[in-house]
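Below is one structure, written out as structure tokens, with a few remarks after it.
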Amino acid sequence: MRMEQLILKNLIENEDYLRKVLPFLKKDYFSDKTESIIYQELEAYTNKYNAAPSVAALAIGIKEKRNLTSEEVERSEDYLQEILTTNGRSVADQQWLIDKTEVFCQEKAVYGAVLKSISILDGKDKNQEKGAIPKILSDALAVSFDNSVGHDYLENSDARYEFYHKIEERIPFDLDFFNKITKGGLPNKTLNIALAGTGVGKSLFMCH
């Protein structure tokens, strides 16, 4: 079974998997037209109803699309039946499946970014300049399923305790009040900013 088939099969059958990986998938990752049609219908259904679609719902949704030929609809229906009757990974292997899906997304994103960059360099893409290439490649390389956005109050309690009680070497000021508000001066290897009006002495403070 190809990775694209495995992904589509589990998107339909495994709602936990669906909710974890759907935000990171794109229709461009499915190069096969039939797979792309099924994925787009699946994504549209999930976004509208906030639930995993059934095979019947997908088949009806695809059949109602007016921009598809009868052959494309028929191939999509046959494809759905094929992947559902093919054995895939079990729920016990869900972490394996998520890891493989992440690698799949990363590879497809990089591949697409390279093709897009070549198109820009060849002058075929009239909407973007060459200066956009670094960002395109950077965004592709940044694809990751890690959606952590900061500190977890309970899970990171040990690290937080260590941070609060860590004794750092500091560079003291000659002014006692500065030492008081900074708890002994500025820690090594830290970025510090002095804010003041014009002519007050920011440059002198920095040099000192």
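Ligands are numbered from 1 in the order shown, chains are lettered A, B, ... in the order of the structure tokens, and residues start at 1 in each chain.
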If you count only C-alpha atoms, which residues fall within 12 Å of region 47-57 of chain A, apart from same-chain ones fewer than 2 positions away, as a VMD selection string? chain A and resid 8 to 19 22 to 23 38 to 45 59 to 64 76 to 85
Show me, as a tab-separated table (two decimals) with N, CA, C and O atoms, in the first residue's frame, the residues that have an atom within 9 Å of region 113-119 of chain A when counting only C-alpha atoms, minus same-chain residues fewer than 2 positions from it.
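Result went into result27.tsv, see below:
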chain	number	residue	atom	x	y	z
A	108	LYS	N	7.06	16.09	0.67
A	108	LYS	CA	6.22	16.69	-0.36
A	108	LYS	C	6.34	18.21	-0.36
A	108	LYS	O	6.33	18.85	-1.42
A	109	ALA	N	6.46	18.81	0.84
A	109	ALA	CA	6.59	20.26	0.94
A	109	ALA	C	7.90	20.73	0.30
A	109	ALA	O	7.92	21.73	-0.44
A	110	VAL	N	8.99	20.03	0.58
A	110	VAL	CA	10.29	20.40	0.02
A	110	VAL	C	10.28	20.21	-1.50
A	110	VAL	O	10.77	21.06	-2.25
A	111	TYR	N	9.72	19.09	-1.94
A	111	TYR	CA	9.65	18.81	-3.38
A	111	TYR	C	8.85	19.90	-4.10
A	111	TYR	O	9.26	20.42	-5.15
A	121	LEU	N	12.62	30.77	-11.24
A	121	LEU	CA	13.91	31.03	-11.90
A	121	LEU	C	13.79	30.99	-13.42
A	121	LEU	O	14.45	31.75	-14.13
A	122	ASP	N	12.94	30.10	-13.92
A	122	ASP	CA	12.74	29.98	-15.37
A	122	ASP	C	11.83	31.07	-15.92
A	122	ASP	O	11.64	31.16	-17.14
A	123	GLY	N	11.23	31.86	-15.03
A	123	GLY	CA	10.35	32.92	-15.48
A	123	GLY	C	8.94	32.48	-15.80
A	123	GLY	O	8.15	33.24	-16.36
A	124	LYS	N	8.59	31.23	-15.44
A	124	LYS	CA	7.26	30.72	-15.73
A	124	LYS	C	6.22	31.23	-14.73
A	124	LYS	O	5.04	31.33	-15.03
A	125	ASP	N	6.68	31.52	-13.50
A	125	ASP	CA	5.79	32.07	-12.48
A	125	ASP	C	5.91	33.59	-12.50
A	125	ASP	O	6.91	34.16	-12.07
A	130	LYS	N	12.34	36.43	-7.71
A	130	LYS	CA	13.36	35.51	-7.22
A	130	LYS	C	13.61	35.68	-5.72
A	130	LYS	O	14.04	34.75	-5.05
A	132	ALA	N	11.57	35.76	-3.48
A	132	ALA	CA	10.62	34.96	-2.69
A	132	ALA	C	11.12	33.54	-2.47
A	132	ALA	O	10.58	32.82	-1.61
A	133	ILE	N	12.13	33.11	-3.21
A	133	ILE	CA	12.60	31.72	-3.14
A	133	ILE	C	13.10	31.32	-1.75
A	133	ILE	O	12.73	30.25	-1.25
A	134	PRO	N	13.93	32.14	-1.07
A	134	PRO	CA	14.39	31.74	0.28
A	134	PRO	C	13.24	31.47	1.24
A	134	PRO	O	13.29	30.51	2.01
A	136	ILE	N	10.13	30.58	0.44
A	136	ILE	CA	9.42	29.38	-0.01
A	136	ILE	C	10.12	28.13	0.51
A	136	ILE	O	9.49	27.22	1.05
A	137	LEU	N	11.44	28.09	0.36
A	137	LEU	CA	12.21	26.93	0.83
A	137	LEU	C	12.22	26.86	2.36
A	137	LEU	O	12.14	25.78	2.94
A	138	SER	N	12.32	28.02	3.00
A	138	SER	CA	12.33	28.05	4.47
A	138	SER	C	11.02	27.53	5.05
A	138	SER	O	11.01	26.76	6.01
A	139	ASP	N	9.89	27.93	4.46
A	139	ASP	CA	8.58	27.47	4.92
A	139	ASP	C	8.43	25.97	4.72
A	139	ASP	O	7.85	25.28	5.57
A	140	ALA	N	8.96	25.46	3.62
A	140	ALA	CA	8.88	24.01	3.35
A	140	ALA	C	9.70	23.21	4.35
A	140	ALA	O	9.26	22.18	4.86
Pull the alpha helix (DSSP H) assignments for region 35-103 of chain A out of DSSP run on the backbone, and list those residues as a PyMOL selection string. chain A and resi 35-49+55-63+70-84+94-103
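From CA of Phe173 (chain A) back to CA of Ser203 (chain A), the distance works out to 15.3 Å.
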As a PyMOL selection string, please: every residue in chain A that DSSP puts in strand (DSSP E or B). chain A and resi 170-171+186-187
What separation in Å, quoted to one decimal, exists between CA of Gln5 (chain A) and CA of Phe145 (chain A)? 19.9 Å
Just the residues within 8 Å of Gly185 (chain A), please, counting only C-alpha atoms, with nothing from its chain fewer than 3 positions along; format it as a list in words. Arg170, Ile171, Pro172, Phe173, Phe178, Asn179, Lys180 and Thr182 of chain A
Could you name the residues that touch region 99-103 of chain A at 10 Å or less, counting only C-alpha atoms, but leaving out those on the same chain fewer than 4 positions away, as a PDB file with all heavy atoms, in the first residue's frame?
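What ended up in out_31.pdb:
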ATOM      1  N   MET A   3       1.870   5.252   0.524  1.00  0.00           N
ATOM      2  CA  MET A   3       1.659   6.130   1.675  1.00  0.00           C
ATOM      3  C   MET A   3       0.407   6.975   1.498  1.00  0.00           C
ATOM      4  O   MET A   3      -0.342   7.210   2.453  1.00  0.00           O
ATOM      5  CB  MET A   3       2.881   7.032   1.868  1.00  0.00           C
ATOM      6  CG  MET A   3       2.907   7.743   3.210  1.00  0.00           C
ATOM      7  SD  MET A   3       3.021   6.577   4.575  1.00  0.00           S
ATOM      8  CE  MET A   3       2.215   7.489   5.880  1.00  0.00           C
ATOM      9  N   GLU A   4       0.145   7.436   0.284  1.00  0.00           N
ATOM     10  CA  GLU A   4      -1.051   8.240   0.039  1.00  0.00           C
ATOM     11  C   GLU A   4      -2.324   7.443   0.335  1.00  0.00           C
ATOM     12  O   GLU A   4      -3.274   7.983   0.925  1.00  0.00           O
ATOM     13  CB  GLU A   4      -1.082   8.712  -1.420  1.00  0.00           C
ATOM     14  CG  GLU A   4      -0.059   9.780  -1.753  1.00  0.00           C
ATOM     15  CD  GLU A   4       1.290   9.202  -2.158  1.00  0.00           C
ATOM     16  OE1 GLU A   4       1.533   8.004  -1.900  1.00  0.00           O
ATOM     17  OE2 GLU A   4       2.096   9.949  -2.725  1.00  0.00           O
ATOM     18  N   LEU A   6      -2.557   4.890   2.399  1.00  0.00           N
ATOM     19  CA  LEU A   6      -2.608   4.659   3.849  1.00  0.00           C
ATOM     20  C   LEU A   6      -3.137   5.892   4.578  1.00  0.00           C
ATOM     21  O   LEU A   6      -3.938   5.790   5.514  1.00  0.00           O
ATOM     22  CB  LEU A   6      -1.207   4.298   4.350  1.00  0.00           C
ATOM     23  CG  LEU A   6      -1.091   3.703   5.749  1.00  0.00           C
ATOM     24  CD1 LEU A   6      -1.923   2.433   5.867  1.00  0.00           C
ATOM     25  CD2 LEU A   6       0.364   3.422   6.083  1.00  0.00           C
ATOM     26  N   ILE A   7      -2.708   7.058   4.128  1.00  0.00           N
ATOM     27  CA  ILE A   7      -3.168   8.310   4.739  1.00  0.00           C
ATOM     28  C   ILE A   7      -4.672   8.490   4.530  1.00  0.00           C
ATOM     29  O   ILE A   7      -5.417   8.767   5.477  1.00  0.00           O
ATOM     30  CB  ILE A   7      -2.386   9.506   4.171  1.00  0.00           C
ATOM     31  CG1 ILE A   7      -0.943   9.478   4.673  1.00  0.00           C
ATOM     32  CG2 ILE A   7      -3.056  10.829   4.557  1.00  0.00           C
ATOM     33  CD1 ILE A   7      -0.045  10.499   4.009  1.00  0.00           C
ATOM     34  N   VAL A  21      -3.517  15.114  11.950  1.00  0.00           N
ATOM     35  CA  VAL A  21      -2.714  15.361  10.751  1.00  0.00           C
ATOM     36  C   VAL A  21      -3.376  16.248   9.699  1.00  0.00           C
ATOM     37  O   VAL A  21      -2.676  16.829   8.867  1.00  0.00           O
ATOM     38  CB  VAL A  21      -2.298  14.028  10.086  1.00  0.00           C
ATOM     39  CG1 VAL A  21      -1.611  13.120  11.095  1.00  0.00           C
ATOM     40  CG2 VAL A  21      -3.481  13.313   9.451  1.00  0.00           C
ATOM     41  N   PHE A  24      -2.067  19.703   8.652  1.00  0.00           N
ATOM     42  CA  PHE A  24      -0.757  19.790   8.015  1.00  0.00           C
ATOM     43  C   PHE A  24      -0.757  19.268   6.574  1.00  0.00           C
ATOM     44  O   PHE A  24       0.210  19.460   5.844  1.00  0.00           O
ATOM     45  CB  PHE A  24       0.271  18.983   8.827  1.00  0.00           C
ATOM     46  CG  PHE A  24       0.356  19.406  10.258  1.00  0.00           C
ATOM     47  CD1 PHE A  24      -0.299  18.693  11.258  1.00  0.00           C
ATOM     48  CD2 PHE A  24       1.074  20.528  10.625  1.00  0.00           C
ATOM     49  CE1 PHE A  24      -0.228  19.081  12.585  1.00  0.00           C
ATOM     50  CE2 PHE A  24       1.151  20.928  11.946  1.00  0.00           C
ATOM     51  CZ  PHE A  24       0.491  20.205  12.930  1.00  0.00           C
ATOM     52  N   LEU A  25      -1.830  18.618   6.172  1.00  0.00           N
ATOM     53  CA  LEU A  25      -1.908  18.067   4.820  1.00  0.00           C
ATOM     54  C   LEU A  25      -2.408  19.124   3.830  1.00  0.00           C
ATOM     55  O   LEU A  25      -3.145  20.037   4.205  1.00  0.00           O
ATOM     56  CB  LEU A  25      -2.856  16.864   4.791  1.00  0.00           C
ATOM     57  CG  LEU A  25      -2.371  15.601   5.503  1.00  0.00           C
ATOM     58  CD1 LEU A  25      -3.512  14.600   5.637  1.00  0.00           C
ATOM     59  CD2 LEU A  25      -1.195  14.972   4.756  1.00  0.00           C
ATOM     60  N   GLN A  94      -0.605   3.775  15.697  1.00  0.00           N
ATOM     61  CA  GLN A  94      -0.970   5.142  15.321  1.00  0.00           C
ATOM     62  C   GLN A  94       0.220   6.091  15.375  1.00  0.00           C
ATOM     63  O   GLN A  94       0.367   6.943  14.487  1.00  0.00           O
ATOM     64  CB  GLN A  94      -2.083   5.669  16.227  1.00  0.00           C
ATOM     65  CG  GLN A  94      -2.518   7.090  15.853  1.00  0.00           C
ATOM     66  CD  GLN A  94      -3.907   7.415  16.325  1.00  0.00           C
ATOM     67  OE1 GLN A  94      -4.850   6.714  16.002  1.00  0.00           O
ATOM     68  NE2 GLN A  94      -4.041   8.463  17.110  1.00  0.00           N
ATOM     69  N   GLN A  95       1.098   5.968  16.375  1.00  0.00           N
ATOM     70  CA  GLN A  95       2.246   6.864  16.462  1.00  0.00           C
ATOM     71  C   GLN A  95       3.184   6.654  15.279  1.00  0.00           C
ATOM     72  O   GLN A  95       3.741   7.610  14.730  1.00  0.00           O
ATOM     73  CB  GLN A  95       3.002   6.650  17.788  1.00  0.00           C
ATOM     74  CG  GLN A  95       4.078   7.706  18.048  1.00  0.00           C
ATOM     75  CD  GLN A  95       3.525   9.115  17.997  1.00  0.00           C
ATOM     76  OE1 GLN A  95       2.548   9.435  18.663  1.00  0.00           O
ATOM     77  NE2 GLN A  95       4.153   9.977  17.186  1.00  0.00           N
ATOM     78  N   GLU A 107       8.617  15.811   3.015  1.00  0.00           N
ATOM     79  CA  GLU A 107       9.192  15.514   1.700  1.00  0.00           C
ATOM     80  C   GLU A 107       8.390  16.165   0.579  1.00  0.00           C
ATOM     81  O   GLU A 107       8.956  16.724  -0.363  1.00  0.00           O
ATOM     82  CB  GLU A 107       9.263  13.999   1.495  1.00  0.00           C
ATOM     83  CG  GLU A 107      10.290  13.313   2.393  1.00  0.00           C
ATOM     84  CD  GLU A 107      10.286  11.807   2.249  1.00  0.00           C
ATOM     85  OE1 GLU A 107       9.359  11.274   1.599  1.00  0.00           O
ATOM     86  OE2 GLU A 107      11.210  11.154   2.764  1.00  0.00           O
ATOM     87  N   LYS A 108       7.063  16.089   0.668  1.00  0.00           N
ATOM     88  CA  LYS A 108       6.216  16.689  -0.356  1.00  0.00           C
ATOM     89  C   LYS A 108       6.341  18.214  -0.358  1.00  0.00           C
ATOM     90  O   LYS A 108       6.327  18.854  -1.423  1.00  0.00           O
ATOM     91  CB  LYS A 108       4.756  16.293  -0.129  1.00  0.00           C
ATOM     92  CG  LYS A 108       4.454  14.836  -0.421  1.00  0.00           C
ATOM     93  CD  LYS A 108       4.580  14.529  -1.894  1.00  0.00           C
ATOM     94  CE  LYS A 108       4.179  13.096  -2.203  1.00  0.00           C
ATOM     95  NZ  LYS A 108       4.266  12.788  -3.655  1.00  0.00           N
ATOM     96  N   ALA A 109       6.459  18.807   0.837  1.00  0.00           N
ATOM     97  CA  ALA A 109       6.589  20.264   0.937  1.00  0.00           C
ATOM     98  C   ALA A 109       7.898  20.734   0.303  1.00  0.00           C
ATOM     99  O   ALA A 109       7.920  21.725  -0.442  1.00  0.00           O
ATOM    100  CB  ALA A 109       6.512  20.703   2.396  1.00  0.00           C
ATOM    101  N   VAL A 143       8.103  22.577   7.970  1.00  0.00           N
ATOM    102  CA  VAL A 143       6.915  21.740   8.166  1.00  0.00           C
ATOM    103  C   VAL A 143       7.169  20.745   9.298  1.00  0.00           C
ATOM    104  O   VAL A 143       8.127  19.985   9.268  1.00  0.00           O
ATOM    105  CB  VAL A 143       6.545  20.982   6.874  1.00  0.00           C
ATOM    106  CG1 VAL A 143       5.438  19.969   7.147  1.00  0.00           C
ATOM    107  CG2 VAL A 143       6.108  21.965   5.805  1.00  0.00           C
ATOM    108  N   SER A 144       6.321  20.773  10.296  1.00  0.00           N
ATOM    109  CA  SER A 144       6.479  19.888  11.454  1.00  0.00           C
ATOM    110  C   SER A 144       5.137  19.707  12.148  1.00  0.00           C
ATOM    111  O   SER A 144       4.309  20.626  12.162  1.00  0.00           O
ATOM    112  CB  SER A 144       7.499  20.471  12.429  1.00  0.00           C
ATOM    113  OG  SER A 144       7.557  19.714  13.627  1.00  0.00           O
ATOM    114  N   PHE A 145       4.923  18.527  12.725  1.00  0.00           N
ATOM    115  CA  PHE A 145       3.694  18.263  13.469  1.00  0.00           C
ATOM    116  C   PHE A 145       3.783  18.744  14.917  1.00  0.00           C
ATOM    117  O   PHE A 145       2.832  18.616  15.670  1.00  0.00           O
ATOM    118  CB  PHE A 145       3.384  16.763  13.475  1.00  0.00           C
ATOM    119  CG  PHE A 145       2.813  16.259  12.180  1.00  0.00           C
ATOM    120  CD1 PHE A 145       2.821  17.053  11.041  1.00  0.00           C
ATOM    121  CD2 PHE A 145       2.274  14.988  12.090  1.00  0.00           C
ATOM    122  CE1 PHE A 145       2.301  16.598   9.844  1.00  0.00           C
ATOM    123  CE2 PHE A 145       1.739  14.516  10.897  1.00  0.00           C
ATOM    124  CZ  PHE A 145       1.762  15.321   9.777  1.00  0.00           C
ATOM    125  N   ASP A 146       4.930  19.288  15.307  1.00  0.00           N
ATOM    126  CA  ASP A 146       5.089  19.772  16.674  1.00  0.00           C
ATOM    127  C   ASP A 146       4.342  21.094  16.799  1.00  0.00           C
ATOM    128  O   ASP A 146       4.782  22.126  16.293  1.00  0.00           O
ATOM    129  CB  ASP A 146       6.577  19.979  17.001  1.00  0.00           C
ATOM    130  CG  ASP A 146       6.803  20.445  18.435  1.00  0.00           C
ATOM    131  OD1 ASP A 146       5.832  20.432  19.218  1.00  0.00           O
ATOM    132  OD2 ASP A 146       7.938  20.827  18.774  1.00  0.00           O
TER     133      ASP A 146
END
Here CA of Lys33 (chain A) and CA of Leu58 (chain A) stand apart by 15.5 Å
